[in-house]
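Shown here: run_7.txt, compact mmCIF, C-alpha atoms.
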```
# COMPACT_ATOMS: atom_id res chain seq x y z
CA MET A 11 -262.38 122.27 -17.06
CA ASN A 12 -261.88 124.48 -14.00
CA HIS A 13 -258.38 125.39 -14.97
CA SER A 14 -257.65 128.12 -17.39
CA ARG A 15 -255.00 127.75 -20.07
CA THR A 16 -252.76 130.23 -18.20
CA ASP A 17 -252.76 128.02 -15.07
CA VAL A 18 -251.50 125.04 -17.05
CA VAL A 19 -248.73 127.09 -18.71
CA VAL A 20 -247.62 128.47 -15.32
CA GLY A 21 -247.65 124.94 -13.88
CA ILE A 22 -245.44 123.60 -16.67
CA PHE A 23 -243.13 126.59 -16.28
CA VAL A 24 -242.73 126.08 -12.52
CA LEU A 25 -242.15 122.35 -13.03
CA GLY A 26 -239.50 123.11 -15.62
CA GLY A 27 -237.88 125.52 -13.19
CA ILE A 28 -237.77 122.94 -10.43
CA ILE A 29 -236.19 120.34 -12.73
CA CYS A 30 -233.54 122.85 -13.81
CA LEU A 31 -232.83 123.75 -10.18
CA GLY A 32 -232.49 120.07 -9.28
CA TYR A 33 -230.11 119.51 -12.18
CA LEU A 34 -227.99 122.50 -11.17
CA THR A 35 -227.86 121.34 -7.55
CA ILE A 36 -226.61 117.92 -8.59
CA ARG A 37 -224.06 119.29 -11.03
CA LEU A 38 -222.71 122.09 -8.83
CA GLY A 39 -222.72 120.00 -5.66
CA LYS A 40 -221.04 117.18 -7.60
CA LEU A 41 -223.54 114.69 -6.23
CA GLU A 42 -223.56 111.31 -7.84
CA LEU A 43 -227.10 110.00 -7.93
CA PHE A 44 -226.85 107.34 -10.55
CA GLY A 45 -223.84 105.40 -9.30
CA ASN A 46 -220.23 106.12 -10.12
CA PRO A 47 -218.96 105.41 -13.59
CA GLY A 48 -215.51 103.98 -14.01
CA TYR A 49 -213.58 101.58 -11.83
CA VAL A 50 -211.53 101.61 -8.66
CA VAL A 51 -207.92 100.69 -8.03
CA TYR A 52 -205.85 101.19 -4.91
CA ALA A 53 -202.26 102.09 -4.14
CA ASP A 54 -200.10 102.08 -1.01
CA PHE A 55 -197.76 104.98 -0.25
CA ALA A 56 -195.24 105.57 2.50
CA SER A 57 -196.84 109.01 2.82
CA VAL A 58 -199.48 111.01 0.97
CA ALA A 59 -198.98 114.18 2.98
CA GLY A 60 -201.47 116.83 1.90
CA LEU A 61 -203.57 114.70 -0.45
CA LYS A 62 -207.32 115.16 0.03
CA LEU A 63 -210.48 113.34 -1.02
CA GLY A 64 -211.50 114.28 -4.53
CA ASP A 65 -208.02 115.37 -5.60
CA PRO A 66 -207.41 114.63 -9.27
CA VAL A 67 -205.55 111.70 -10.76
CA GLU A 68 -203.70 112.75 -13.89
CA ILE A 69 -201.87 111.18 -16.77
CA ALA A 70 -199.74 113.67 -18.72
CA GLY A 71 -201.67 116.54 -17.15
CA VAL A 72 -205.09 115.21 -18.14
CA LYS A 73 -207.52 114.31 -15.38
CA VAL A 74 -208.49 110.66 -15.60
CA GLY A 75 -209.94 110.08 -12.15
CA LYS A 76 -210.01 111.18 -8.56
CA VAL A 77 -209.08 110.11 -5.07
CA GLU A 78 -212.03 108.34 -3.52
CA SER A 79 -210.72 107.32 -0.14
CA LEU A 80 -207.70 107.67 2.11
CA ALA A 81 -207.00 105.14 4.81
CA LEU A 82 -204.25 103.52 6.79
CA ALA A 83 -203.15 99.97 5.88
CA ASP A 84 -200.55 98.64 8.31
CA ASP A 85 -198.30 101.67 8.63
CA ARG A 86 -198.77 102.93 5.11
CA ALA A 87 -201.30 105.18 3.46
CA ARG A 88 -203.73 103.37 1.19
CA ILE A 89 -205.64 105.45 -1.31
CA THR A 90 -208.34 104.25 -3.64
CA VAL A 91 -208.84 106.13 -6.86
CA ARG A 92 -211.75 105.99 -9.26
CA LEU A 93 -210.62 106.00 -12.86
CA GLU A 94 -212.61 106.68 -15.98
CA PRO A 95 -213.69 103.45 -17.68
CA GLN A 96 -211.67 103.99 -20.85
CA VAL A 97 -208.39 104.47 -18.92
CA LYS A 98 -206.16 101.40 -18.87
CA LEU A 99 -203.20 101.26 -16.50
CA GLN A 100 -200.29 98.92 -17.11
CA GLU A 101 -199.06 96.83 -14.25
CA ASP A 102 -195.83 98.81 -14.04
CA ALA A 103 -197.48 102.22 -14.12
CA ILE A 104 -196.09 104.45 -11.38
CA ALA A 105 -198.34 106.58 -9.18
CA SER A 106 -196.73 109.52 -7.44
CA VAL A 107 -198.13 112.23 -5.22
CA ARG A 108 -197.11 115.57 -6.67
CA ALA A 109 -197.78 119.21 -5.86
CA ARG A 110 -198.49 122.05 -8.24
CA GLY A 111 -195.53 124.27 -7.56
CA LEU A 112 -193.64 124.08 -4.33
CA ILE A 113 -196.59 124.27 -1.96
CA GLY A 114 -199.54 124.01 -4.34
CA ASP A 115 -202.45 121.56 -4.40
CA LYS A 116 -201.59 117.92 -4.39
CA PHE A 117 -202.55 115.46 -7.08
CA VAL A 118 -201.74 111.91 -8.08
CA LEU A 119 -199.63 111.67 -11.22
CA VAL A 120 -199.65 108.36 -13.05
CA THR A 121 -196.96 107.59 -15.60
CA PRO A 122 -197.97 104.76 -17.96
CA GLY A 123 -195.77 101.71 -17.99
CA ALA A 124 -194.38 99.26 -20.52
CA SER A 125 -196.04 96.05 -19.34
CA ASP A 126 -198.61 94.16 -21.40
CA LYS A 127 -200.56 93.35 -18.26
CA ILE A 128 -203.35 95.74 -17.33
CA ILE A 129 -204.42 96.49 -13.75
CA VAL A 130 -207.89 95.01 -13.30
CA PRO A 131 -210.70 96.86 -11.49
CA GLY A 132 -210.09 96.48 -7.76
CA GLY A 133 -206.41 95.83 -8.45
CA LYS A 134 -203.38 97.58 -7.08
CA ILE A 135 -200.89 100.05 -8.50
CA ARG A 136 -197.79 98.43 -7.06
CA GLU A 137 -195.27 101.09 -8.03
CA THR A 138 -195.71 104.26 -6.01
CA GLU A 139 -193.60 107.26 -5.20
CA SER A 140 -194.25 109.29 -2.08
CA PRO A 141 -193.69 113.04 -2.10
CA PRO A 142 -190.27 114.07 -0.83
CA ASP A 143 -190.70 115.97 2.39
CA ILE A 144 -189.65 119.55 1.60
CA THR A 145 -189.02 120.43 5.24
CA ASP A 146 -186.95 117.28 5.61
CA LEU A 147 -184.90 118.11 2.53
CA ILE A 148 -184.27 121.67 3.64
CA GLY A 149 -183.25 120.31 7.03
CA LYS A 150 -180.84 117.95 5.34
CA VAL A 151 -179.27 120.63 3.19
CA VAL A 152 -178.88 122.99 6.13
CA GLY A 153 -177.93 120.26 8.59
CA GLY A 154 -175.62 118.56 6.12
CA ASP A 155 -173.70 121.77 5.61
CA LEU A 156 -173.28 122.24 9.32
CA THR A 157 -172.27 118.72 10.19
CA SER A 158 -170.09 117.76 7.28
CA LYS A 159 -166.43 117.73 8.16
CA SER A 160 -165.22 118.66 4.73
CA GLU A 161 -166.78 119.42 1.37
CA LYS A 162 -164.72 116.83 -0.44
CA LYS A 163 -163.06 113.73 0.78
CA PRO A 164 -159.26 113.93 0.58
CA GLU A 165 -157.95 111.86 -2.30
CA MET B 102 -193.67 73.71 36.88
CA LYS B 103 -192.92 76.91 38.68
CA ARG B 104 -189.28 76.12 39.25
CA TYR B 105 -188.62 76.06 35.51
CA LEU B 106 -189.38 79.74 35.25
CA ASN B 107 -186.05 80.68 36.69
CA PHE B 108 -183.79 83.41 35.47
CA PRO B 109 -182.11 81.71 32.45
CA VAL B 110 -185.50 80.64 31.04
CA ILE B 111 -186.96 84.12 31.36
CA ALA B 112 -183.81 85.60 29.89
CA LEU B 113 -184.08 83.19 26.96
CA ILE B 114 -187.72 84.11 26.35
CA LEU B 115 -186.92 87.80 26.47
CA LEU B 116 -183.95 87.26 24.19
CA SER B 117 -186.11 85.48 21.63
CA PHE B 118 -188.53 88.41 21.61
CA TRP B 119 -185.64 90.76 21.16
CA LEU B 120 -184.25 88.75 18.26
CA THR B 121 -187.52 88.25 16.38
CA PRO B 122 -187.80 91.70 14.73
CA GLY B 123 -184.24 91.31 13.50
CA LEU B 124 -185.10 88.03 11.86
CA ALA B 125 -188.32 89.37 10.37
CA VAL B 126 -186.45 92.17 8.60
CA GLY B 127 -184.06 89.95 6.72
CA GLY B 128 -185.99 87.86 4.21
CA VAL B 129 -184.58 86.23 1.11
CA PRO B 130 -184.73 89.41 -1.05
CA THR B 131 -182.87 91.39 1.61
CA ASP B 132 -180.25 88.65 1.95
CA GLN B 133 -179.64 88.51 -1.79
CA ILE B 134 -179.43 92.29 -2.22
CA LYS B 135 -177.27 92.60 0.88
CA SER B 136 -174.81 90.00 -0.39
CA THR B 137 -174.48 91.86 -3.70
CA VAL B 138 -174.00 95.22 -1.99
CA ASP B 139 -171.50 93.70 0.44
CA LYS B 140 -169.53 92.18 -2.45
CA ALA B 141 -169.45 95.56 -4.19
CA LEU B 142 -168.29 97.26 -0.97
CA VAL B 143 -165.48 94.72 -0.57
CA VAL B 144 -164.23 95.63 -4.06
CA LEU B 145 -164.63 99.35 -3.33
CA ARG B 146 -162.68 99.07 -0.07
CA ASP B 147 -160.00 96.83 -1.51
CA PRO B 148 -156.68 98.74 -1.28
CA ARG B 149 -155.38 96.75 -4.27
CA PHE B 150 -157.73 98.74 -6.51
CA LYS B 151 -156.89 102.13 -5.02
CA PRO B 152 -154.25 103.17 -7.61
CA THR B 153 -155.72 105.06 -10.56
CA ALA B 154 -154.26 102.52 -12.94
CA LYS B 155 -156.54 99.90 -11.46
CA THR B 156 -159.75 101.89 -11.92
CA LYS B 157 -160.70 100.06 -15.07
CA GLU B 158 -160.15 96.66 -13.53
CA ARG B 159 -162.20 97.65 -10.50
CA ARG B 160 -165.04 98.93 -12.67
CA GLU B 161 -165.08 95.63 -14.54
CA GLN B 162 -165.37 93.74 -11.26
CA LEU B 163 -168.15 96.00 -10.01
CA LYS B 164 -170.02 95.58 -13.27
CA GLN B 165 -169.92 91.82 -12.95
CA ILE B 166 -171.23 91.95 -9.40
CA LEU B 167 -174.02 94.43 -10.18
CA PHE B 168 -175.13 92.86 -13.47
CA ALA B 169 -175.90 89.64 -11.62
CA ARG B 170 -178.34 91.38 -9.27
CA PHE B 171 -179.74 94.29 -11.27
CA ASP B 172 -182.17 93.60 -14.08
CA PHE B 173 -181.12 96.30 -16.52
CA THR B 174 -183.46 95.07 -19.26
CA GLU B 175 -186.47 95.46 -16.99
CA MET B 176 -185.14 98.81 -15.80
CA ALA B 177 -184.76 100.08 -19.37
CA LYS B 178 -188.20 98.77 -20.30
CA ARG B 179 -189.86 100.45 -17.35
CA SER B 180 -187.94 103.67 -17.92
CA LEU B 181 -189.12 103.89 -21.50
CA GLY B 182 -192.68 103.31 -20.28
CA ALA B 183 -195.55 103.23 -22.73
CA ASN B 184 -193.19 103.80 -25.67
CA TRP B 185 -191.52 100.45 -25.13
CA ARG B 186 -194.40 98.54 -26.73
CA ARG B 187 -194.21 100.66 -29.86
CA ARG B 188 -190.63 99.66 -30.58
CA THR B 189 -189.43 96.64 -32.49
CA PRO B 190 -187.48 93.95 -30.61
CA LYS B 191 -184.31 95.17 -32.31
CA GLU B 192 -184.89 98.76 -31.19
CA GLN B 193 -185.65 97.50 -27.68
CA GLU B 194 -182.37 95.63 -27.59
CA GLU B 195 -180.47 98.71 -28.74
CA PHE B 196 -182.27 100.85 -26.15
CA VAL B 197 -181.34 98.49 -23.32
CA ARG B 198 -177.69 98.79 -24.34
CA LEU B 199 -177.83 102.60 -24.54
CA PHE B 200 -179.66 102.80 -21.23
CA THR B 201 -177.13 100.59 -19.47
CA ASP B 202 -174.32 102.80 -20.84
CA LEU B 203 -176.18 105.87 -19.61
CA LEU B 204 -176.45 104.41 -16.10
CA GLU B 205 -172.79 103.47 -16.09
CA ARG B 206 -171.73 106.99 -17.06
CA ALA B 207 -174.14 108.61 -14.64
CA TYR B 208 -173.41 106.50 -11.59
CA ALA B 209 -169.98 104.88 -11.95
CA ASP B 210 -168.12 107.85 -10.47
CA THR B 211 -170.63 108.23 -7.65
CA ILE B 212 -170.49 104.56 -6.78
CA GLU B 213 -166.70 104.55 -6.91
CA SER B 214 -166.54 107.41 -4.42
CA TYR B 215 -168.31 105.20 -1.88
CA GLY B 216 -166.70 102.75 0.44
CA ASP B 217 -166.85 104.13 3.96
CA GLU B 218 -170.63 104.09 4.09
CA LYS B 219 -172.54 102.11 6.64
CA ILE B 220 -175.68 100.46 5.33
CA VAL B 221 -178.50 99.30 7.57
CA TYR B 222 -181.38 97.21 6.22
CA VAL B 223 -184.51 98.45 7.88
CA GLY B 224 -187.38 96.64 6.26
CA GLU B 225 -188.76 94.43 3.58
CA ARG B 226 -192.17 94.25 1.99
CA LEU B 227 -193.20 91.21 -0.01
CA ASP B 228 -196.05 91.16 -2.48
CA GLY B 229 -196.24 88.02 -4.55
CA GLY B 230 -193.27 87.97 -6.87
CA TYR B 231 -192.28 91.51 -5.91
CA ALA B 232 -190.29 92.86 -3.01
CA ASP B 233 -189.40 96.26 -1.64
CA VAL B 234 -186.21 96.28 0.43
CA SER B 235 -185.49 99.45 2.36
CA SER B 236 -182.11 100.43 3.67
CA LYS B 237 -180.53 103.48 5.21
CA VAL B 238 -177.10 104.70 4.21
CA HIS B 239 -174.96 106.53 6.74
CA THR B 240 -172.18 108.41 5.04
CA SER B 241 -168.83 109.15 6.58
CA LYS B 242 -169.91 112.81 6.76
CA GLY B 243 -172.66 111.86 9.16
CA GLU B 244 -175.48 112.28 6.67
CA GLU B 245 -178.20 109.72 6.30
CA PHE B 246 -180.42 108.90 3.35
CA SER B 247 -182.91 106.20 2.50
CA LEU B 248 -182.15 103.78 -0.30
CA ASN B 249 -184.87 101.35 -1.36
CA TYR B 250 -184.62 98.55 -3.85
CA ARG B 251 -187.59 97.24 -5.84
CA ALA B 252 -186.97 93.68 -6.93
CA HIS B 253 -188.91 90.97 -8.70
CA PHE B 254 -188.47 87.21 -8.64
CA VAL B 255 -187.23 85.84 -11.96
CA GLY B 256 -185.33 82.67 -12.72
CA GLY B 257 -185.05 81.72 -9.04
CA GLU B 258 -183.42 85.02 -8.10
CA TRP B 259 -184.53 88.37 -6.79
CA ARG B 260 -183.45 90.98 -9.29
CA VAL B 261 -183.60 94.72 -8.77
CA TYR B 262 -185.56 96.75 -11.34
CA ASP B 263 -185.76 100.11 -9.57
CA VAL B 264 -183.78 102.05 -7.01
CA VAL B 265 -185.56 104.66 -4.91
CA VAL B 266 -183.38 107.26 -3.22
CA GLU B 267 -185.11 109.54 -0.72
CA ASN B 268 -188.51 108.70 -2.22
CA ILE B 269 -187.35 109.50 -5.76
CA SER B 270 -187.67 106.55 -8.07
CA MET B 271 -184.92 106.28 -10.65
CA VAL B 272 -187.21 104.59 -13.16
CA ASN B 273 -189.90 107.25 -12.80
CA ASN B 274 -187.29 109.98 -13.12
CA TYR B 275 -185.95 108.55 -16.37
CA ARG B 276 -189.46 107.73 -17.57
CA SER B 277 -190.57 111.36 -17.39
CA GLN B 278 -187.32 112.58 -18.98
CA PHE B 279 -187.54 110.11 -21.87
CA ASN B 280 -191.23 110.77 -22.40
CA ARG B 281 -190.58 114.49 -22.55
CA VAL B 282 -187.96 114.05 -25.29
CA ILE B 283 -190.20 111.63 -27.20
CA SER B 284 -193.28 113.85 -27.06
CA ASN B 285 -191.33 117.03 -27.87
CA ALA B 286 -189.27 115.44 -30.62
CA SER B 287 -189.25 111.73 -31.38
CA TYR B 288 -187.93 108.38 -30.27
CA GLU B 289 -185.14 108.70 -32.85
CA GLU B 290 -184.10 111.99 -31.22
CA LEU B 291 -183.92 110.27 -27.83
CA VAL B 292 -181.69 107.54 -29.25
CA ARG B 293 -179.55 110.17 -30.96
CA ARG B 294 -179.09 112.05 -27.70
CA LEU B 295 -178.21 108.87 -25.82
CA LYS B 296 -175.66 107.98 -28.48
CA ASP B 297 -174.24 111.51 -28.44
CA LYS B 298 -173.70 111.24 -24.73
CA ALA B 299 -172.01 107.89 -25.17
CA ALA B 300 -169.64 109.34 -27.76
CA PHE B 301 -168.79 112.40 -25.68
CA PRO B 302 -168.81 111.41 -22.05
CA VAL B 303 -169.33 114.21 -19.59
CA GLN B 304 -165.96 115.55 -18.56
CA LYS B 305 -165.45 115.94 -14.90
CA ASN B 306 -164.79 119.57 -14.02
```

Exercise: express the given structure as structure tokens:
Amino acid sequence: MNHSRTDVVVGIFVLGGIICLGYLTIRLGKLELFGNPGYVVYADFASVAGLKLGDPVEIAGVKVGKVESLALADDRARITVRLEPQVKLQEDAIASVRARGLIGDKFVLVTPGASDKIIVPGGKIRETESPPDITDLIGKVVGGDLTSKSEKKPE
Amino acid sequence: MKRYLNFPVIALILLSFWLTPGLAVGGVPTDQIKSTVDKALVVLRDPRFKPTAKTKERREQLKQILFARFDFTEMAKRSLGANWRRRTPKEQEEFVRLFTDLLERAYADTIESYGDEKIVYVGERLDGGYADVSSKVHTSKGEEFSLNYRAHFVGGEWRVYDVVVENISMVNNYRSQFNRVISNASYEELVRRLKDKAAFPVQKN
């Protein structure tokens, strides 16, 4: 026994510290070492303007998943989302890209449907709603006022 | 062979290229929806129905045309969302009736003010038994908005179960409204409100 008792205690302490540091790094950096839990479904939108990777997927304001990838499929935006395993989506669930407030962060809101059929892992959320383009709408309101001949059609 | 590639042949080839996108746009779902919308527009433009006395008759005709193409049961079911499965078949039946009345009250006046609009069908997306038909409406005021129909194939026909105006889905709009009432109060309260509205229709101005 060359080592004193103190050396061993210090060793264990340092080891414990390193493990804690590793744990913190993984948690804070949101690294996923042990594979992703849950399952993936995809959805096609006409536009997902402003949506980013990792943005939350919510049902009734509760986070149930996140956006895992954004890509282009034909001329539409295809997003894949990873949902928590216990979440079941009906076939007629509607996914819509929403913003918190007028210009806030984007998220995907899912409203549960009435169908008995459940979307299987790897399946598709068929019903989607793209965000209305605020600039476009403002343009329409302003432009519409300027171009319209009369407010009301003559009876 | 070279002499065959004269002007008419080239013109024909070019013409066929020019025509192809037009043909690709109009699939069966588009044709069926278009024929329904056209029929409705004919009724709306018919001068025979212009007098106020004929309004009821015209509305009856429009209803017949639209009921054949729009699947109001599916629309009501989807609008109620997750709560649909918790209702008994009898309650579901009652809800479909109330929902159809709601739509009639909400949209009849709007639809009846149409007639001079120009509608262009710009695309169609097929996905198994489901189709998404997009159109653009040009109003007489020179405004333009997008109007998409979501249809599914049932009983040998394409029937519309959702209408999306400027990216706003009607079903999703009603779904969030109904869910809010149900979670704040109850399903019975929702039915009561729908009935109330039926008994006292919104007065214009």

### Query
Between A:Lys116, A:Lys134, A:Lys62, A:Arg88, which one has atoms that come closest to chain B, using all atoms listed in the file?
A:Lys134

### Task
Compute the chain B side of the contact with chain A at 10 Å, counting only C-alpha atoms, and hand it back as a count of residues only.
37

### Query
Got a sec: who's within 10 Å of range 288-295 of chain B, counting all atoms listed in the file, leaving out chain neighbours fewer than 4 positions off, as a ChimeraX atom specification?
/B:181,184,187-188,192,195-196,199-200,202-203,278-284,299-300

### Query
List as a list of chain:residue names: which residues have an atom within 10 Å of (-186.9, 94.3, -7.9), counting all atoms listed in the file?
B:Pro130, B:Ile134, B:Arg170, B:Phe171, B:Asp172, B:Glu175, B:Met176, B:Gly230, B:Tyr231, B:Ala232, B:Asp233, B:Val234, B:Asn249, B:Tyr250, B:Arg251, B:Ala252, B:His253, B:Phe254, B:Val255, B:Glu258, B:Trp259, B:Arg260, B:Val261, B:Tyr262, B:Asp263, B:Val264

### Query
Quick one: distance from CA of Val74 in chain A to CA of Pro95 in chain A in Å, one decimal?
9.1 Å

### Query
Hey, can you check how far CA of His239 in chain B sits from CA of Asp217 in chain B?
8.9 Å

#### Entry: CA of Tyr215 in chain B to CA of Arg149 in chain B, straight-line distance in Å
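It comes out at 15.6 Å.
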
How big is the axis-aligned box around all listed atoms of range 264-274 of chain B once 8 Å goes on each side, and where's its centre, in Å to one decimal, as lines of an AutoDock Vina configuration file?
```
center_x = -186.6
center_y = 106.0
center_z = -6.9
size_x = 22.5
size_y = 23.9
size_z = 28.4
```

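The shortest atom-to-atom distance to Arg110 in chain A, with all atoms listed in the file taken into account, belongs to A:Asp65 out of A:Ile22, A:Ile36, A:Asp65, A:Arg15.
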
### Counting all atoms listed in the file, the residue of A:Leu99, A:Asp85, A:Ile148, A:Ala59 that sits nearest Ile128 in chain A
A:Leu99

### Query
Between A:Val19, A:Val118, A:Val72, A:Leu34, which has the minimum distance to Thr90 in chain A (counting only C-alpha atoms)?
A:Val118

### For Leu163 in chain B: contacts at 9 Å, only C-alpha atoms, fewer than 2 positions along chain excluded, given as a list in words
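Final neighbour list, sorted by chain and number: Lys140, Ala141, Val144, Leu145, Glu158, Arg159, Arg160, Glu161, Gln165, Ile166, Leu167 and Phe168 of chain B.
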